[in-house]
Amino acid sequence: MAVPILLSVLNNNIQSANRFQSVFSLSRESVFSLSRESVLENLPRASVHRIAFITFSYIKQNDTNKLFNFLLPAVDTWAAPTPSPSSEHDLNTTLNVNKNNPNEFNNVDHPREVPLYVVFSNTSREAFEDTCLQSDKLTPHQRMLCSRIHPIYVDCPEGKFGESPCCKQQNGLVEIFDKKYPLYDWYAFFDDDVYLRKEYVARLLAELRPPDFPMAAAPYNKEARAIGFGRKLCGTDRKEFLYPWGQPIFYSRGAIKMMERGYRANSLVSQCAAFELTHDVGNQVLNWMYSLPIAMLPPLPELPHMRGDFIGSHWVGREDMRAHMQLRSKAMTSTSVGSWSFHETHKKWMEFDPPKVETVVTVKDETMKWYKNVTGFHQTLTYELHGDPQTWEEGYWYTMQYSDCMHTINNTAHV
């Protein structure tokens, strides 16, 4: 079912000997791929090392807010190196792992390293490298944190919504999967204001089908909705035209294999433009076109909501949203400045023990394991004219327009 993919280990040449080793030479890349393949075979199915954690962001010479308030705190908290096997559940130790030896975590194949891949537009390269990789103004701890960030540079416009995040996801996934690190079971893509309980997520994903099966997983608070958004919406409540949004989204290796050829043909960017969407709803449209099965994970709501079975939090570090929510709700507590930071959020999550996986509703309840009715695209004009995207000629993407979707609904209504 999945489209074959060429798992290349080509990589860009090292441009400067002074760069951190987050960019590898061809020989290093080849050795890494081979060593990682052998390591992967011996890892438990629920290991966090089977997941590529990928976010996207931007940095400017005069605007480093994203680096110092989102990315560095993320790799200092939830994305910190995993504890040793003997202390797997003592996550507080991850904040103090080897701070005196920052070079230990320069390598993505370090046995406890959990790299955070960050997709940047090329326009952010100079600012990121000047600020994070070459600055003498950073503390030793900040330099260590910078080494845990593995930048992926792509040719995309810069912006908060619309084409920019769609392009970063599309091109970033191809770059990571095809050129750099192809040997993960799962590829998680999420906003840079997301906090993930990664060990808990890994155990939940291990309960699903083998990762070569094309599928994705998403929190079930992202309920199935009509395809599209706003004025370009497949305006129907028919169950075949309801499908979940995709942020955060966890793609299996099989899903990326299946969708890779479409990504190369600009699939996600094209669908985001056609429906005037950003990446979360763009994922909905694109995944629906592939009839991709979506497993339900426990919720990941916005702060300040927390519960033992949640897989994390959204809006972390978002002082703008904290102030906005405080104005809306006088009942909110712990809303002082900084209370939604990554470190404060981490402290709060350390008070919760994740439940045993077998007790989680999306695991034990068969009706809650998968989103239903994923084949509605087969009723559209695009499918009628061009068939399944998996069968399309390499290099071609037939963009589904809003009118294609509504055309079939209207015709069906008059049959």
# chains A, B, ... in the order shown; residues from 1 in each chain; ligands from 1
>>> residues_around(residues="range 300-316 of chain A", least_positions_apart="2", cutoff="7 Å", atoms="only C-alpha atoms", output="list in words")
Asp193, Val194, Tyr195, Leu196, Arg197, Tyr200, Val201, Pro219, Asn221, Pro298, Arg318, Met321, Trp340, Ser341, Phe342, Phe352, Asp353, Pro354 and Pro355 of chain A
>>> closest_atom_pairs(of="range 366-399 of chain A", to="range 272-296 of chain A", cutoff="9 Å", atoms="only C-alpha atoms", output="JSON lines")
{"residue": "A:Met368", "atom": "CA", "partner": "A:Met296", "partner_atom": "CA", "distance": 6.6}
{"residue": "A:Lys369", "atom": "CA", "partner": "A:Met296", "partner_atom": "CA", "distance": 5.3}
{"residue": "A:Trp370", "atom": "CA", "partner": "A:Ala295", "partner_atom": "CA", "distance": 4.3}
{"residue": "A:Tyr371", "atom": "CA", "partner": "A:Ile294", "partner_atom": "CA", "distance": 5.6}
{"residue": "A:Lys372", "atom": "CA", "partner": "A:Pro293", "partner_atom": "CA", "distance": 8.2}
{"residue": "A:Asn373", "atom": "CA", "partner": "A:Ser291", "partner_atom": "CA", "distance": 8.8}
{"residue": "A:Val374", "atom": "CA", "partner": "A:Ser291", "partner_atom": "CA", "distance": 5.1}
{"residue": "A:Thr375", "atom": "CA", "partner": "A:Ser291", "partner_atom": "CA", "distance": 5.1}
{"residue": "A:Gly376", "atom": "CA", "partner": "A:Trp288", "partner_atom": "CA", "distance": 7.5}
{"residue": "A:Phe377", "atom": "CA", "partner": "A:Met289", "partner_atom": "CA", "distance": 5.4}
{"residue": "A:His378", "atom": "CA", "partner": "A:Met289", "partner_atom": "CA", "distance": 8.1}
{"residue": "A:Tyr383", "atom": "CA", "partner": "A:Met289", "partner_atom": "CA", "distance": 8.5}
{"residue": "A:Asp388", "atom": "CA", "partner": "A:Tyr290", "partner_atom": "CA", "distance": 7.1}
{"residue": "A:Pro389", "atom": "CA", "partner": "A:Tyr290", "partner_atom": "CA", "distance": 6.4}
{"residue": "A:Gln390", "atom": "CA", "partner": "A:Tyr290", "partner_atom": "CA", "distance": 7.4}
{"residue": "A:Thr399", "atom": "CA", "partner": "A:Ala274", "partner_atom": "CA", "distance": 7.4}
>>> select_by_dssp(residues="range 142-389 of chain A", states="strand (DSSP E)", output="PyMOL selection string")
chain A and resi 149-154+186-190+195-196+216-219+224-226+228-229+232-233+242-244+249-252+294-297+312-313
>>> atom_distance(atom1="CA of Tyr398 in chain A", atom2="CA of Leu381 in chain A")
11.0 Å
>>> residues_around(residues="Leu72 in chain A", least_positions_apart="3", cutoff="8 Å", atoms="only C-alpha atoms", output="NGL selection string")
:A and (67-69 or 75-76 or 142 or 145-146 or 149)
>>> write_last_selection(atoms="N, CA and C atoms", output="compact mmCIF listing (two decimals), in the first residue's frame")
# COMPACT_ATOMS: atom_id res chain seq x y z
N LEU A 67 14.10 31.37 20.61
CA LEU A 67 15.22 30.55 21.07
C LEU A 67 15.26 30.47 22.59
N PHE A 68 15.21 31.62 23.26
CA PHE A 68 15.44 31.64 24.71
C PHE A 68 14.20 31.36 25.53
N ASN A 69 13.01 31.51 24.97
CA ASN A 69 11.78 31.27 25.74
C ASN A 69 11.00 30.03 25.31
N VAL A 75 14.33 21.87 25.40
CA VAL A 75 15.36 20.84 25.52
C VAL A 75 15.94 20.77 26.93
N ASP A 76 15.56 21.69 27.79
CA ASP A 76 15.96 21.65 29.20
C ASP A 76 14.91 20.97 30.06
N GLN A 142 23.74 27.04 28.64
CA GLN A 142 23.04 27.41 27.41
C GLN A 142 23.71 26.81 26.18
N LEU A 145 22.60 23.30 25.94
CA LEU A 145 21.23 23.22 25.45
C LEU A 145 21.19 23.47 23.95
N CYS A 146 21.98 24.42 23.47
CA CYS A 146 22.04 24.68 22.03
C CYS A 146 22.47 23.43 21.27
N ILE A 149 19.74 21.05 20.13
CA ILE A 149 18.87 21.46 19.03
C ILE A 149 19.55 21.10 17.72
>>> residues_around(residues="Ala206 in chain A", least_positions_apart="5", cutoff="9 Å", atoms="only C-alpha atoms", output="PyMOL selection string")
chain A and resi 44-47+201+211
>>> write_last_selection(atoms="C-alpha atoms", output="PDB file, in the first residue's frame")
ATOM      1  CA  PRO A  44      11.982  -1.697  23.265  1.00  0.00           C
ATOM      2  CA  ARG A  45       8.965  -0.777  21.166  1.00  0.00           C
ATOM      3  CA  ALA A  46       8.107   1.866  23.755  1.00  0.00           C
ATOM      4  CA  SER A  47      11.487   3.606  23.613  1.00  0.00           C
ATOM      5  CA  VAL A 201       3.558   9.084  24.466  1.00  0.00           C
ATOM      6  CA  PRO A 211       5.094   1.339  12.427  1.00  0.00           C
TER       7      PRO A 211
END
>>> select_by_dssp(residues="range 169-338 of chain A", states="alpha helix (DSSP H)", output="ChimeraX atom specification")
/A:169-174,198-205,253-264,267-275,279-289,319-328
>>> closest_residue(among="A:Glu394, A:Asp155, A:Asp192, A:Glu199", to="Val114 in chain A", atoms="only C-alpha atoms")
A:Glu199
>>> closest_residue(among="A:Gln169, A:Thr380, A:Asn62, A:Gln401", to="Ala127 in chain A", atoms="only C-alpha atoms")
A:Asn62
>>> atom_distance(atom1="CA of Ser124 in chain A", atom2="CA of Ala265 in chain A")
24.3 Å
>>> residues_around(residues="Thr131 in chain A", least_positions_apart="6", cutoff="10 Å", atoms="only C-alpha atoms", output="CSV table (one decimal) with N, CA and C atoms, in the first residue's frame")
chain,number,residue,atom,x,y,z
A,59,ILE,N,14.2,32.5,14.0
A,59,ILE,CA,15.0,33.3,14.8
A,59,ILE,C,15.5,34.5,14.0
A,60,LYS,N,15.5,35.7,14.5
A,60,LYS,CA,16.1,36.8,13.8
A,60,LYS,C,17.2,37.4,14.6
A,61,GLN,N,18.1,38.2,14.0
A,61,GLN,CA,19.2,38.8,14.7
A,61,GLN,C,18.6,39.7,15.8
A,64,THR,N,15.2,37.1,19.4
A,64,THR,CA,15.6,35.7,19.8
A,64,THR,C,14.7,35.1,20.8
A,67,LEU,N,14.1,31.4,20.6
A,67,LEU,CA,15.2,30.6,21.1
A,67,LEU,C,15.3,30.5,22.6
A,125,ARG,N,19.0,30.9,9.4
A,125,ARG,CA,20.3,30.2,9.6
A,125,ARG,C,21.3,31.0,10.3
A,137,LYS,N,28.6,34.8,24.4
A,137,LYS,CA,27.8,35.4,25.5
A,137,LYS,C,26.9,34.4,26.2
A,138,LEU,N,26.9,33.1,25.7
A,138,LEU,CA,26.1,32.1,26.4
A,138,LEU,C,26.8,31.5,27.6
A,143,ARG,N,25.0,26.8,26.2
A,143,ARG,CA,25.7,26.1,25.1
A,143,ARG,C,25.4,24.7,25.0
A,146,CYS,N,22.0,24.4,23.5
A,146,CYS,CA,22.0,24.7,22.0
A,146,CYS,C,22.5,23.4,21.3
>>> residues_around(residues="Ile256 in chain A", least_positions_apart="3", cutoff="10 Å", atoms="only C-alpha atoms", output="tab-separated table (two decimals) with N, CA and C atoms, in the first residue's frame")
chain	number	residue	atom	x	y	z
A	2	ALA	N	1.99	1.20	0.77
A	2	ALA	CA	2.83	2.38	0.87
A	2	ALA	C	3.68	2.55	-0.36
A	3	VAL	N	3.88	3.80	-0.73
A	3	VAL	CA	4.76	4.10	-1.86
A	3	VAL	C	6.19	3.90	-1.41
A	4	PRO	N	7.03	3.17	-2.16
A	4	PRO	CA	8.42	2.96	-1.76
A	4	PRO	C	9.15	4.30	-1.68
A	5	ILE	N	10.13	4.37	-0.83
A	5	ILE	CA	10.90	5.59	-0.67
A	5	ILE	C	12.37	5.27	-0.68
A	173	LEU	N	9.97	17.39	6.91
A	173	LEU	CA	9.79	15.94	7.02
A	173	LEU	C	10.57	15.21	5.94
A	174	VAL	N	10.53	15.73	4.73
A	174	VAL	CA	11.29	15.10	3.64
A	174	VAL	C	12.78	15.15	3.94
A	177	PHE	N	13.52	12.69	6.88
A	177	PHE	CA	13.27	11.29	6.56
A	177	PHE	C	14.19	10.78	5.45
A	178	ASP	N	14.41	11.62	4.46
A	178	ASP	CA	15.10	11.14	3.27
A	178	ASP	C	16.60	11.37	3.31
A	186	TRP	N	8.44	6.60	14.36
A	186	TRP	CA	7.42	7.64	14.39
A	186	TRP	C	8.05	9.01	14.17
A	187	TYR	N	7.29	9.88	13.51
A	187	TYR	CA	7.73	11.24	13.22
A	187	TYR	C	6.68	12.19	13.79
A	212	ASP	N	5.44	0.18	10.29
A	212	ASP	CA	5.44	0.15	8.82
A	212	ASP	C	4.04	0.28	8.25
A	214	PRO	N	0.84	2.29	7.38
A	214	PRO	CA	0.57	3.72	7.21
A	214	PRO	C	-0.56	4.18	8.13
A	215	MET	N	-0.21	5.04	9.08
A	215	MET	CA	-1.20	5.53	10.05
A	215	MET	C	-0.63	6.77	10.71
A	216	ALA	N	-1.47	7.45	11.43
A	216	ALA	CA	-1.04	8.58	12.23
A	216	ALA	C	-1.77	8.50	13.56
A	251	TYR	N	3.20	10.70	12.81
A	251	TYR	CA	3.13	9.86	11.61
A	251	TYR	C	3.99	8.61	11.79
A	252	SER	N	3.44	7.47	11.44
A	252	SER	CA	4.25	6.26	11.43
A	252	SER	C	5.23	6.31	10.26
A	253	ARG	N	6.25	5.48	10.34
A	253	ARG	CA	7.20	5.38	9.23
A	253	ARG	C	6.48	5.01	7.94
A	259	MET	N	3.32	9.02	1.92
A	259	MET	CA	3.05	10.42	1.58
A	259	MET	C	4.27	11.14	1.02
A	260	GLU	N	5.43	10.51	1.07
A	260	GLU	CA	6.67	11.18	0.69
A	260	GLU	C	6.65	11.72	-0.74
A	261	ARG	N	6.15	10.94	-1.67
A	261	ARG	CA	6.14	11.39	-3.06
A	261	ARG	C	5.23	12.60	-3.23
A	262	GLY	N	4.13	12.64	-2.50
A	262	GLY	CA	3.26	13.81	-2.54
A	262	GLY	C	3.93	15.03	-1.95
A	263	TYR	N	4.62	14.85	-0.82
A	263	TYR	CA	5.36	15.97	-0.24
A	263	TYR	C	6.33	16.57	-1.25
